[in-house]
file target.pdb (PDB, C-alpha atoms, pLDDT in the B column)
ATOM      1  CA  GLU A   1     -40.916 -34.364  10.763  1.00 47.00           C
ATOM      2  CA  LYS A   2     -39.663 -30.873  11.525  1.00 44.00           C
ATOM      3  CA  VAL A   3     -36.384 -29.835  10.066  1.00 44.00           C
ATOM      4  CA  GLN A   4     -34.048 -28.256  12.605  1.00 46.00           C
ATOM      5  CA  ARG A   5     -31.735 -25.547  11.286  1.00 46.00           C
ATOM      6  CA  ASP A   6     -28.719 -24.333  13.225  1.00 46.00           C
ATOM      7  CA  GLU A   7     -27.809 -21.572  10.788  1.00 51.00           C
ATOM      8  CA  SER A   8     -27.991 -18.027  12.086  1.00 50.00           C
ATOM      9  CA  GLY A   9     -28.344 -14.701  10.378  1.00 51.00           C
ATOM     10  CA  SER A  10     -31.078 -12.436   9.103  1.00 51.00           C
ATOM     11  CA  ILE A  11     -33.593 -13.269   6.411  1.00 49.00           C
ATOM     12  CA  ASP A  12     -32.896 -11.583   3.109  1.00 49.00           C
ATOM     13  CA  PRO A  13     -36.312 -10.603   1.652  1.00 48.00           C
ATOM     14  CA  ALA A  14     -34.828 -10.399  -1.834  1.00 52.00           C
ATOM     15  CA  LYS A  15     -34.293 -14.167  -1.783  1.00 46.00           C
ATOM     16  CA  LEU A  16     -37.824 -15.093  -0.705  1.00 46.00           C
ATOM     17  CA  PRO A  17     -39.181 -15.608  -4.255  1.00 46.00           C
ATOM     18  CA  THR A  18     -36.385 -18.070  -5.067  1.00 43.00           C
ATOM     19  CA  TYR A  19     -36.637 -20.019  -1.823  1.00 40.00           C
ATOM     20  CA  TRP A  20     -39.562 -22.106  -3.047  1.00 44.00           C
ATOM     21  CA  GLN A  21     -37.677 -22.857  -6.246  1.00 45.00           C
ATOM     22  CA  GLY A  22     -35.068 -24.796  -4.360  1.00 45.00           C
ATOM     23  CA  ASP A  23     -32.657 -22.032  -3.368  1.00 46.00           C
ATOM     24  CA  ASP A  24     -31.875 -22.796   0.266  1.00 47.00           C
ATOM     25  CA  ASP A  25     -29.543 -19.833   0.765  1.00 46.00           C
ATOM     26  CA  LEU A  26     -32.087 -17.574   2.445  1.00 40.00           C
ATOM     27  CA  PHE A  27     -29.806 -15.801   4.877  1.00 43.00           C
ATOM     28  CA  ALA A  28     -28.278 -12.454   3.986  1.00 46.00           C
ATOM     29  CA  ASP A  29     -24.539 -12.164   3.594  1.00 48.00           C
ATOM     30  CA  GLU A  30     -23.819  -9.947   6.551  1.00 46.00           C
ATOM     31  CA  THR A  31     -20.136  -9.519   5.698  1.00 43.00           C
ATOM     32  CA  LYS A  32     -20.986  -7.388   2.682  1.00 47.00           C
ATOM     33  CA  LYS A  33     -22.833  -4.875   4.850  1.00 53.00           C
ATOM     34  CA  VAL A  34     -20.473  -4.466   7.786  1.00 73.00           C
ATOM     35  CA  VAL A  35     -18.527  -1.235   8.104  1.00 80.00           C
ATOM     36  CA  LYS A  36     -15.490  -1.726  10.305  1.00 86.00           C
ATOM     37  CA  ARG A  37     -13.804   1.640   9.903  1.00 90.00           C
ATOM     38  CA  VAL A  38     -14.821   5.187   9.027  1.00 91.00           C
ATOM     39  CA  LYS A  39     -12.605   7.882   7.539  1.00 92.00           C
ATOM     40  CA  ILE A  40     -13.700  11.487   7.976  1.00 93.00           C
ATOM     41  CA  LYS A  41     -12.063  13.692   5.335  1.00 91.00           C
ATOM     42  CA  VAL A  42     -12.606  17.430   5.751  1.00 91.00           C
ATOM     43  CA  ALA A  43     -11.860  20.105   3.141  1.00 88.00           C
ATOM     44  CA  ILE A  44     -11.746  23.713   4.398  1.00 89.00           C
ATOM     45  CA  ASP A  45     -12.040  26.733   2.136  1.00 87.00           C
ATOM     46  CA  SER A  46      -9.031  28.931   2.975  1.00 86.00           C
ATOM     47  CA  SER A  47      -9.676  31.696   0.452  1.00 84.00           C
ATOM     48  CA  GLY A  48      -9.581  35.303   1.617  1.00 85.00           C
ATOM     49  CA  SER A  49     -13.361  35.604   1.995  1.00 86.00           C
ATOM     50  CA  MET A  50     -13.283  33.102   4.873  1.00 90.00           C
ATOM     51  CA  ASP A  51     -11.836  35.958   6.965  1.00 91.00           C
ATOM     52  CA  SER A  52     -15.298  37.590   6.920  1.00 91.00           C
ATOM     53  CA  PRO A  53     -17.508  37.421  10.027  1.00 94.00           C
ATOM     54  CA  LEU A  54     -20.532  35.216  10.588  1.00 95.00           C
ATOM     55  CA  GLU A  55     -23.759  36.500  12.173  1.00 94.00           C
ATOM     56  CA  ASP A  56     -22.215  36.137  15.648  1.00 95.00           C
ATOM     57  CA  ASN A  57     -19.092  38.056  14.501  1.00 96.00           C
ATOM     58  CA  GLU A  58     -16.945  34.914  14.660  1.00 96.00           C
ATOM     59  CA  LYS A  59     -14.684  34.788  11.605  1.00 95.00           C
ATOM     60  CA  ARG A  60     -15.691  32.024   9.211  1.00 94.00           C
ATOM     61  CA  TYR A  61     -12.343  30.266   9.215  1.00 93.00           C
ATOM     62  CA  SER A  62     -12.156  30.551  13.014  1.00 95.00           C
ATOM     63  CA  ALA A  63     -15.588  28.956  13.465  1.00 95.00           C
ATOM     64  CA  VAL A  64     -14.606  26.056  11.213  1.00 95.00           C
ATOM     65  CA  ILE A  65     -11.279  25.441  12.964  1.00 94.00           C
ATOM     66  CA  ARG A  66     -12.814  25.647  16.432  1.00 93.00           C
ATOM     67  CA  GLY A  67     -15.566  23.278  15.362  1.00 93.00           C
ATOM     68  CA  LEU A  68     -13.009  20.830  14.031  1.00 92.00           C
ATOM     69  CA  GLY A  69     -11.214  20.968  17.366  1.00 90.00           C
ATOM     70  CA  LEU A  70     -14.361  19.555  18.975  1.00 90.00           C
ATOM     71  CA  VAL A  71     -14.559  16.901  16.262  1.00 91.00           C
ATOM     72  CA  ALA A  72     -10.961  15.862  16.936  1.00 90.00           C
ATOM     73  CA  GLN A  73     -11.660  15.533  20.655  1.00 89.00           C
ATOM     74  CA  ALA A  74     -14.793  13.498  19.997  1.00 90.00           C
ATOM     75  CA  VAL A  75     -13.024  11.175  17.561  1.00 90.00           C
ATOM     76  CA  GLU A  76     -10.181  10.622  20.020  1.00 89.00           C
ATOM     77  CA  ARG A  77     -12.604   9.863  22.845  1.00 90.00           C
ATOM     78  CA  ILE A  78     -14.660   7.446  20.750  1.00 89.00           C
ATOM     79  CA  THR A  79     -11.632   5.542  19.477  1.00 90.00           C
ATOM     80  CA  ASN A  80     -10.046   5.307  22.924  1.00 89.00           C
ATOM     81  CA  ASP A  81     -13.137   4.621  25.042  1.00 88.00           C
ATOM     82  CA  GLU A  82     -15.304   2.631  22.657  1.00 87.00           C
ATOM     83  CA  GLY A  83     -12.656   1.057  20.449  1.00 87.00           C
ATOM     84  CA  LEU A  84     -14.278   2.275  17.223  1.00 88.00           C
ATOM     85  CA  ASP A  85     -12.024   2.782  14.208  1.00 92.00           C
ATOM     86  CA  ILE A  86     -12.583   6.400  13.145  1.00 92.00           C
ATOM     87  CA  SER A  87      -9.909   8.618  11.609  1.00 91.00           C
ATOM     88  CA  LEU A  88      -9.885  12.336  10.807  1.00 92.00           C
ATOM     89  CA  GLU A  89      -8.015  13.986   7.926  1.00 91.00           C
ATOM     90  CA  VAL A  90      -8.167  17.720   7.233  1.00 90.00           C
ATOM     91  CA  TRP A  91      -7.246  19.597   4.053  1.00 89.00           C
ATOM     92  CA  ALA A  92      -7.229  23.290   3.177  1.00 86.00           C
ATOM     93  CA  PHE A  93      -8.036  24.440  -0.343  1.00 83.00           C
ATOM     94  CA  ALA A  94      -7.964  27.702  -2.230  1.00 78.00           C
ATOM     95  CA  SER A  95      -5.890  27.986  -5.392  1.00 72.00           C
ATOM     96  CA  THR A  96      -3.989  24.835  -4.309  1.00 73.00           C
ATOM     97  CA  ASP A  97      -4.532  22.072  -1.753  1.00 78.00           C
ATOM     98  CA  ARG A  98      -2.572  21.259   1.387  1.00 80.00           C
ATOM     99  CA  LEU A  99      -2.928  18.573   4.025  1.00 81.00           C
ATOM    100  CA  LEU A 100      -2.944  19.847   7.612  1.00 81.00           C
ATOM    101  CA  LYS A 101      -0.738  17.476   9.599  1.00 73.00           C
ATOM    102  CA  ARG A 102       0.300  19.116  12.852  1.00 66.00           C
ATOM    103  CA  PRO A 103      -2.358  19.598  15.576  1.00 61.00           C
ATOM    104  CA  GLU A 104      -1.485  23.253  16.129  1.00 58.00           C
ATOM    105  CA  GLU A 105      -2.145  23.913  12.447  1.00 61.00           C
ATOM    106  CA  ARG A 106      -5.492  22.217  12.547  1.00 68.00           C
ATOM    107  CA  TRP A 107      -7.239  23.385  15.696  1.00 83.00           C
ATOM    108  CA  ASP A 108      -5.823  26.853  16.415  1.00 87.00           C
ATOM    109  CA  PRO A 109      -7.554  29.559  14.331  1.00 89.00           C
ATOM    110  CA  GLY A 110      -4.643  31.990  14.549  1.00 88.00           C
ATOM    111  CA  GLU A 111      -2.138  29.365  13.498  1.00 85.00           C
ATOM    112  CA  PHE A 112      -4.372  28.264  10.635  1.00 86.00           C
ATOM    113  CA  LYS A 113      -4.736  31.830   9.371  1.00 85.00           C
ATOM    114  CA  LYS A 114      -0.999  32.490   9.583  1.00 82.00           C
ATOM    115  CA  ARG A 115       0.037  29.253   7.885  1.00 81.00           C
ATOM    116  CA  TYR A 116      -2.715  28.879   5.319  1.00 79.00           C
ATOM    117  CA  MET A 117      -4.802  31.979   4.703  1.00 78.00           C
ATOM    118  CA  GLN A 118      -2.080  34.615   4.600  1.00 58.00           C
ATOM    119  CA  ASN A 119       0.381  32.478   2.684  1.00 55.00           C
ATOM    120  CA  PHE A 120      -2.302  30.650   0.769  1.00 53.00           C
ATOM    121  CA  GLY A 121      -4.439  33.437  -0.639  1.00 51.00           C
ATOM    122  CA  GLY A 122      -6.146  32.990  -3.968  1.00 56.00           C
ATOM    123  CA  GLY A 123      -9.726  32.202  -4.824  1.00 60.00           C
ATOM    124  CA  THR A 124     -11.752  29.078  -4.262  1.00 65.00           C
ATOM    125  CA  ALA A 125     -10.863  26.105  -6.453  1.00 65.00           C
ATOM    126  CA  ALA A 126     -11.734  22.738  -4.989  1.00 69.00           C
ATOM    127  CA  SER A 127     -11.951  20.638  -8.115  1.00 69.00           C
ATOM    128  CA  THR A 128      -8.566  18.903  -7.804  1.00 74.00           C
ATOM    129  CA  LEU A 129      -9.059  18.029  -4.151  1.00 77.00           C
ATOM    130  CA  VAL A 130     -12.641  16.878  -4.690  1.00 77.00           C
ATOM    131  CA  LYS A 131     -11.638  14.815  -7.711  1.00 75.00           C
ATOM    132  CA  ASN A 132      -8.944  13.077  -5.637  1.00 79.00           C
ATOM    133  CA  PHE A 133     -11.446  12.357  -2.874  1.00 82.00           C
ATOM    134  CA  ALA A 134     -13.920  10.932  -5.381  1.00 77.00           C
ATOM    135  CA  ALA A 135     -11.322   8.779  -7.123  1.00 77.00           C
ATOM    136  CA  GLU A 136      -9.750   7.379  -3.983  1.00 81.00           C
ATOM    137  CA  ASN A 137     -10.499   3.683  -3.581  1.00 77.00           C
ATOM    138  CA  ASN A 138     -11.869   2.677  -0.216  1.00 76.00           C
ATOM    139  CA  GLU A 139     -10.509  -0.308   1.602  1.00 79.00           C
ATOM    140  CA  GLU A 140     -12.921  -3.151   2.135  1.00 79.00           C
ATOM    141  CA  GLN A 141     -15.517  -2.493   4.847  1.00 86.00           C
ATOM    142  CA  THR A 142     -14.517   1.179   5.009  1.00 88.00           C
ATOM    143  CA  LEU A 143     -16.884   4.149   4.790  1.00 88.00           C
ATOM    144  CA  THR A 144     -15.543   7.615   3.938  1.00 90.00           C
ATOM    145  CA  ILE A 145     -17.467  10.700   5.050  1.00 90.00           C
ATOM    146  CA  ILE A 146     -16.346  13.716   3.023  1.00 89.00           C
ATOM    147  CA  VAL A 147     -17.118  17.149   4.465  1.00 91.00           C
ATOM    148  CA  VAL A 148     -16.549  20.307   2.412  1.00 88.00           C
ATOM    149  CA  LEU A 149     -16.869  23.701   4.140  1.00 90.00           C
ATOM    150  CA  THR A 150     -16.888  26.801   1.945  1.00 88.00           C
ATOM    151  CA  ASP A 151     -18.417  30.274   1.786  1.00 87.00           C
ATOM    152  CA  GLY A 152     -18.913  30.227  -1.957  1.00 75.00           C
ATOM    153  CA  GLY A 153     -18.836  28.145  -5.089  1.00 63.00           C
ATOM    154  CA  PHE A 154     -16.203  25.491  -5.544  1.00 62.00           C
ATOM    155  CA  GLY A 155     -14.702  26.880  -8.718  1.00 58.00           C
ATOM    156  CA  ASP A 156     -13.697  25.016 -11.875  1.00 57.00           C
ATOM    157  CA  ASN A 157     -15.789  21.855 -12.332  1.00 64.00           C
ATOM    158  CA  ALA A 158     -15.745  20.753  -8.692  1.00 63.00           C
ATOM    159  CA  GLU A 159     -19.519  20.379  -8.463  1.00 66.00           C
ATOM    160  CA  GLU A 160     -19.469  17.947 -11.392  1.00 69.00           C
ATOM    161  CA  GLU A 161     -16.760  15.936  -9.659  1.00 66.00           C
ATOM    162  CA  ILE A 162     -18.834  15.868  -6.475  1.00 71.00           C
ATOM    163  CA  GLU A 163     -21.853  14.549  -8.357  1.00 71.00           C
ATOM    164  CA  LYS A 164     -19.709  11.778  -9.824  1.00 70.00           C
ATOM    165  CA  GLY A 165     -18.315  10.955  -6.410  1.00 67.00           C
ATOM    166  CA  MET A 166     -21.776  10.665  -4.881  1.00 70.00           C
ATOM    167  CA  ALA A 167     -22.390   7.575  -7.007  1.00 71.00           C
ATOM    168  CA  ASP A 168     -19.993   5.627  -4.757  1.00 72.00           C
ATOM    169  CA  VAL A 169     -22.072   4.138  -1.922  1.00 72.00           C
ATOM    170  CA  ARG A 170     -18.920   3.761   0.178  1.00 81.00           C
ATOM    171  CA  LYS A 171     -18.660   7.534   0.426  1.00 85.00           C
ATOM    172  CA  LYS A 172     -21.010  10.054   1.994  1.00 86.00           C
ATOM    173  CA  TRP A 173     -20.703  13.697   0.992  1.00 85.00           C
ATOM    174  CA  LEU A 174     -21.692  16.632   3.188  1.00 87.00           C
ATOM    175  CA  LEU A 175     -21.436  20.102   1.626  1.00 86.00           C
ATOM    176  CA  ILE A 176     -21.688  22.926   4.168  1.00 91.00           C
ATOM    177  CA  GLY A 177     -22.108  26.587   3.290  1.00 90.00           C
ATOM    178  CA  VAL A 178     -20.428  28.903   5.806  1.00 94.00           C
ATOM    179  CA  GLY A 179     -22.353  32.188   5.874  1.00 91.00           C
ATOM    180  CA  ASN A 180     -25.887  33.397   5.175  1.00 86.00           C
ATOM    181  CA  GLU A 181     -27.984  33.055   2.041  1.00 85.00           C
ATOM    182  CA  GLU A 182     -27.337  36.598   0.796  1.00 84.00           C
ATOM    183  CA  GLU A 183     -23.579  36.169   0.959  1.00 80.00           C
ATOM    184  CA  LEU A 184     -23.471  32.625  -0.390  1.00 81.00           C
ATOM    185  CA  GLY A 185     -25.666  33.248  -3.425  1.00 77.00           C
ATOM    186  CA  ASP A 186     -26.730  29.922  -4.935  1.00 75.00           C
ATOM    187  CA  THR A 187     -27.166  27.557  -1.979  1.00 80.00           C
ATOM    188  CA  THR A 188     -28.861  24.664  -3.778  1.00 79.00           C
ATOM    189  CA  HIS A 189     -25.779  22.435  -3.625  1.00 77.00           C
ATOM    190  CA  PHE A 190     -25.371  22.841   0.159  1.00 85.00           C
ATOM    191  CA  ARG A 191     -26.953  20.407   2.573  1.00 86.00           C
ATOM    192  CA  PHE A 192     -26.520  22.766   5.546  1.00 89.00           C
ATOM    193  CA  LEU A 193     -25.842  26.460   6.069  1.00 92.00           C
ATOM    194  CA  ALA A 194     -23.725  27.441   9.065  1.00 94.00           C
ATOM    195  CA  LYS A 195     -24.405  31.054  10.032  1.00 94.00           C
ATOM    196  CA  SER A 196     -22.649  31.032  13.409  1.00 94.00           C
ATOM    197  CA  LEU A 197     -20.028  29.206  15.448  1.00 94.00           C
ATOM    198  CA  ALA A 198     -22.820  27.271  17.189  1.00 94.00           C
ATOM    199  CA  ASP A 199     -24.113  26.108  13.795  1.00 94.00           C
ATOM    200  CA  VAL A 200     -20.673  24.911  12.727  1.00 94.00           C
ATOM    201  CA  GLU A 201     -20.119  23.045  15.991  1.00 92.00           C
ATOM    202  CA  TYR A 202     -23.540  21.391  15.850  1.00 92.00           C
ATOM    203  CA  ILE A 203     -23.207  20.270  12.226  1.00 92.00           C
ATOM    204  CA  LEU A 204     -19.697  18.890  12.667  1.00 92.00           C
ATOM    205  CA  CYS A 205     -20.705  17.018  15.815  1.00 89.00           C
ATOM    206  CA  GLN A 206     -23.470  15.409  13.764  1.00 89.00           C
ATOM    207  CA  VAL A 207     -20.774  14.145  11.399  1.00 90.00           C
ATOM    208  CA  VAL A 208     -19.055  12.339  14.282  1.00 90.00           C
ATOM    209  CA  GLN A 209     -22.356  10.849  15.420  1.00 89.00           C
ATOM    210  CA  GLU A 210     -22.989   9.637  11.867  1.00 87.00           C
ATOM    211  CA  ALA A 211     -19.547   8.041  11.803  1.00 89.00           C
ATOM    212  CA  ALA A 212     -20.070   6.254  15.131  1.00 89.00           C
ATOM    213  CA  ALA A 213     -23.559   5.098  14.145  1.00 87.00           C
ATOM    214  CA  SER A 214     -22.140   3.501  10.988  1.00 85.00           C
ATOM    215  CA  LEU A 215     -19.981   1.108  13.001  1.00 83.00           C
TER     216      LEU A 215
END

call {"tool": "encode", "arguments": {"input": "target.pdb", "output": "structure tokens"}}
result
Amino acid sequence: EKVQRDESGSIDPAKLPTYWQGDDDLFADETKKVVKRVKIKVAIDSSGSMDSPLEDNEKRYSAVIRGLGLVAQAVERITNDEGLDISLEVWAFASTDRLLKRPEERWDPGEFKKRYMQNFGGGTAASTLVKNFAAENNEEQTLTIIVVLTDGGFGDNAEEEIEKGMADVRKKWLLIGVGNEEELGDTTHFRFLAKSLADVEYILCQVVQEAAASL
């Protein structure tokens, strides 16, 4: 006599060896895999060197801010039209860290330079911000995509903090070098190099696609 099962789900291959030993729980626990919301956290280098031009003569900070403007539009469209839960949070870092709250601060290059680069100054020191990102506990079924854009090293022990943070499977880290190889020096810790405004826009749009594909 055939046994009819009305359970649904996907077969978990890891449980196949135990099935014949009497373990009837062969279906994977889907709830542990589902991501229901994605947080995109962006950290922008606002040190003085970000005022230097890229290969297309676009200033580095300007390319990043303009690229983030496209990201903000894409996130808004996805959340409104497709009902996906994606949020965007942007920070600036140099010698200290500051959260960018108002839209005009975030997506207007001139406003960003006036509010953050001229008043901010200092060198690049991302360790505190990165450490906070790494230590932040994710809510259940939440994925955090952390994007760091800089034209140099992170200063202090930020790279060590990033390595520690990468151990958390609920977080994805994307380190982007803004500039060319000669100017950036050691590029081994960067996943992408953005040498122009088009590069920045393309890479950041990929971040949004990654976020949407995770839901």

call {"tool": "resolve_selection", "arguments": {"input": "target.pdb", "expression": "the PyMOL selection byres ((chain A and resi 132-138) around 10)", "output": "PDB file with C-alpha atoms, in the coordinates of the input"}}
result
ATOM      1  CA  LYS A  39     -12.605   7.882   7.539  1.00 92.00           C
ATOM      2  CA  LYS A  41     -12.063  13.692   5.335  1.00 91.00           C
ATOM      3  CA  ALA A  43     -11.860  20.105   3.141  1.00 88.00           C
ATOM      4  CA  SER A 127     -11.951  20.638  -8.115  1.00 69.00           C
ATOM      5  CA  THR A 128      -8.566  18.903  -7.804  1.00 74.00           C
ATOM      6  CA  LEU A 129      -9.059  18.029  -4.151  1.00 77.00           C
ATOM      7  CA  VAL A 130     -12.641  16.878  -4.690  1.00 77.00           C
ATOM      8  CA  LYS A 131     -11.638  14.815  -7.711  1.00 75.00           C
ATOM      9  CA  GLU A 139     -10.509  -0.308   1.602  1.00 79.00           C
ATOM     10  CA  GLU A 140     -12.921  -3.151   2.135  1.00 79.00           C
ATOM     11  CA  GLN A 141     -15.517  -2.493   4.847  1.00 86.00           C
ATOM     12  CA  THR A 142     -14.517   1.179   5.009  1.00 88.00           C
ATOM     13  CA  LEU A 143     -16.884   4.149   4.790  1.00 88.00           C
ATOM     14  CA  THR A 144     -15.543   7.615   3.938  1.00 90.00           C
ATOM     15  CA  ILE A 146     -16.346  13.716   3.023  1.00 89.00           C
ATOM     16  CA  GLU A 161     -16.760  15.936  -9.659  1.00 66.00           C
ATOM     17  CA  ILE A 162     -18.834  15.868  -6.475  1.00 71.00           C
ATOM     18  CA  GLU A 163     -21.853  14.549  -8.357  1.00 71.00           C
ATOM     19  CA  LYS A 164     -19.709  11.778  -9.824  1.00 70.00           C
ATOM     20  CA  GLY A 165     -18.315  10.955  -6.410  1.00 67.00           C
ATOM     21  CA  MET A 166     -21.776  10.665  -4.881  1.00 70.00           C
ATOM     22  CA  ALA A 167     -22.390   7.575  -7.007  1.00 71.00           C
ATOM     23  CA  ASP A 168     -19.993   5.627  -4.757  1.00 72.00           C
ATOM     24  CA  ARG A 170     -18.920   3.761   0.178  1.00 81.00           C
ATOM     25  CA  LYS A 171     -18.660   7.534   0.426  1.00 85.00           C
ATOM     26  CA  TRP A 173     -20.703  13.697   0.992  1.00 85.00           C
TER      27      TRP A 173
END

call {"tool": "atom_distance", "arguments": {"input": "target.pdb", "atom1": "CA of Pro109 in chain A", "atom2": "CA of Val90 in chain A"}}
result
13.8 Å

call {"tool": "resolve_selection", "arguments": {"input": "target.pdb", "expression": "the PyMOL selection byres ((chain A and resi 60) around 10)", "output": "PyMOL selection string"}}
result
chain A and resi 45-46+49-55+57-59+61-65+109+149-151+178-179+194-197+200

call {"tool": "resolve_selection", "arguments": {"input": "target.pdb", "expression": "the PyMOL selection byres ((chain A and resi 188) around 12)", "output": "CSV table (one decimal) with C-alpha atoms, keeping the file's coordinate frame"}}
result
chain,number,residue,atom,x,y,z
A,152,GLY,CA,-18.9,30.2,-2.0
A,153,GLY,CA,-18.8,28.1,-5.1
A,159,GLU,CA,-19.5,20.4,-8.5
A,175,LEU,CA,-21.4,20.1,1.6
A,176,ILE,CA,-21.7,22.9,4.2
A,177,GLY,CA,-22.1,26.6,3.3
A,181,GLU,CA,-28.0,33.1,2.0
A,184,LEU,CA,-23.5,32.6,-0.4
A,185,GLY,CA,-25.7,33.2,-3.4
A,186,ASP,CA,-26.7,29.9,-4.9
A,187,THR,CA,-27.2,27.6,-2.0
A,189,HIS,CA,-25.8,22.4,-3.6
A,190,PHE,CA,-25.4,22.8,0.2
A,191,ARG,CA,-27.0,20.4,2.6
A,192,PHE,CA,-26.5,22.8,5.5
A,193,LEU,CA,-25.8,26.5,6.1

call {"tool": "closest_atom_pairs", "arguments": {"input": "target.pdb", "of": "range 59-103 of chain A", "to": "range 210-213 of chain A", "cutoff": "10 Å", "atoms": "all atoms listed in the file", "output": "tab-separated table"}}
result
residue	atom	partner	partner_atom	distance
A:Val75	CA	A:Ala212	CA	8.9
A:Ile78	CA	A:Ala212	CA	7.9
A:Thr79	CA	A:Ala212	CA	9.5
A:Glu82	CA	A:Ala212	CA	9.6
A:Leu84	CA	A:Ala212	CA	7.3
A:Asp85	CA	A:Ala212	CA	8.8
A:Ile86	CA	A:Ala211	CA	7.3
A:Ser87	CA	A:Ala211	CA	9.7

call {"tool": "write_last_selection", "arguments": {"input": "target.pdb", "atoms": "C-alpha atoms", "output": "mmCIF file, in the frame of the given file"}}
result
data_model
loop_
_atom_site.group_PDB
_atom_site.id
_atom_site.type_symbol
_atom_site.label_atom_id
_atom_site.label_comp_id
_atom_site.auth_asym_id
_atom_site.auth_seq_id
_atom_site.Cartn_x
_atom_site.Cartn_y
_atom_site.Cartn_z
ATOM 1 C CA VAL A 75 -13.024 11.175 17.561
ATOM 2 C CA ILE A 78 -14.660 7.446 20.750
ATOM 3 C CA THR A 79 -11.632 5.542 19.477
ATOM 4 C CA GLU A 82 -15.304 2.631 22.657
ATOM 5 C CA LEU A 84 -14.278 2.275 17.223
ATOM 6 C CA ASP A 85 -12.024 2.782 14.208
ATOM 7 C CA ILE A 86 -12.583 6.400 13.145
ATOM 8 C CA SER A 87 -9.909 8.618 11.609
#

call {"tool": "atom_distance", "arguments": {"input": "target.pdb", "atom1": "CA of Ala198 in chain A", "atom2": "CA of Gly48 in chain A"}}
result
22.0 Å

call {"tool": "build_atoms", "arguments": {"input": "target.pdb", "residues": "range 44-49 of chain A", "atoms": "all heavy atoms", "output": "PDB file, in the coordinates of the input"}}
result
ATOM      1  N   ILE A  44     -11.412  22.371   3.919  1.00 89.00           N
ATOM      2  CA  ILE A  44     -11.746  23.713   4.398  1.00 89.00           C
ATOM      3  C   ILE A  44     -11.374  24.749   3.346  1.00 89.00           C
ATOM      4  O   ILE A  44     -10.230  24.787   2.874  1.00 89.00           O
ATOM      5  CB  ILE A  44     -10.986  24.052   5.692  1.00 89.00           C
ATOM      6  CG1 ILE A  44     -11.157  22.965   6.749  1.00 89.00           C
ATOM      7  CG2 ILE A  44     -11.447  25.394   6.245  1.00 89.00           C
ATOM      8  CD1 ILE A  44     -10.228  23.147   7.933  1.00 89.00           C
ATOM      9  N   ASP A  45     -12.310  25.604   3.014  1.00 87.00           N
ATOM     10  CA  ASP A  45     -12.040  26.733   2.136  1.00 87.00           C
ATOM     11  C   ASP A  45     -11.118  27.706   2.885  1.00 87.00           C
ATOM     12  O   ASP A  45     -11.443  28.168   3.971  1.00 87.00           O
ATOM     13  CB  ASP A  45     -13.370  27.414   1.786  1.00 87.00           C
ATOM     14  CG  ASP A  45     -13.213  28.585   0.834  1.00 87.00           C
ATOM     15  OD1 ASP A  45     -12.078  28.982   0.568  1.00 87.00           O
ATOM     16  OD2 ASP A  45     -14.259  29.087   0.380  1.00 87.00           O
ATOM     17  N   SER A  46      -9.955  27.996   2.333  1.00 86.00           N
ATOM     18  CA  SER A  46      -9.031  28.931   2.975  1.00 86.00           C
ATOM     19  C   SER A  46      -8.802  30.167   2.111  1.00 86.00           C
ATOM     20  O   SER A  46      -7.772  30.831   2.214  1.00 86.00           O
ATOM     21  CB  SER A  46      -7.697  28.243   3.283  1.00 86.00           C
ATOM     22  OG  SER A  46      -7.101  27.793   2.092  1.00 86.00           O
ATOM     23  N   SER A  47      -9.770  30.481   1.260  1.00 84.00           N
ATOM     24  CA  SER A  47      -9.676  31.696   0.452  1.00 84.00           C
ATOM     25  C   SER A  47      -9.887  32.919   1.345  1.00 84.00           C
ATOM     26  O   SER A  47     -10.342  32.815   2.482  1.00 84.00           O
ATOM     27  CB  SER A  47     -10.720  31.666  -0.674  1.00 84.00           C
ATOM     28  OG  SER A  47     -12.025  31.608  -0.143  1.00 84.00           O
ATOM     29  N   GLY A  48      -9.544  34.086   0.818  1.00 85.00           N
ATOM     30  CA  GLY A  48      -9.581  35.303   1.617  1.00 85.00           C
ATOM     31  C   GLY A  48     -10.940  35.638   2.194  1.00 85.00           C
ATOM     32  O   GLY A  48     -11.035  36.232   3.278  1.00 85.00           O
ATOM     33  N   SER A  49     -12.016  35.267   1.516  1.00 86.00           N
ATOM     34  CA  SER A  49     -13.361  35.604   1.995  1.00 86.00           C
ATOM     35  C   SER A  49     -13.720  34.879   3.289  1.00 86.00           C
ATOM     36  O   SER A  49     -14.641  35.295   3.993  1.00 86.00           O
ATOM     37  CB  SER A  49     -14.404  35.285   0.923  1.00 86.00           C
ATOM     38  OG  SER A  49     -14.364  33.914   0.571  1.00 86.00           O
TER      39      SER A  49
END
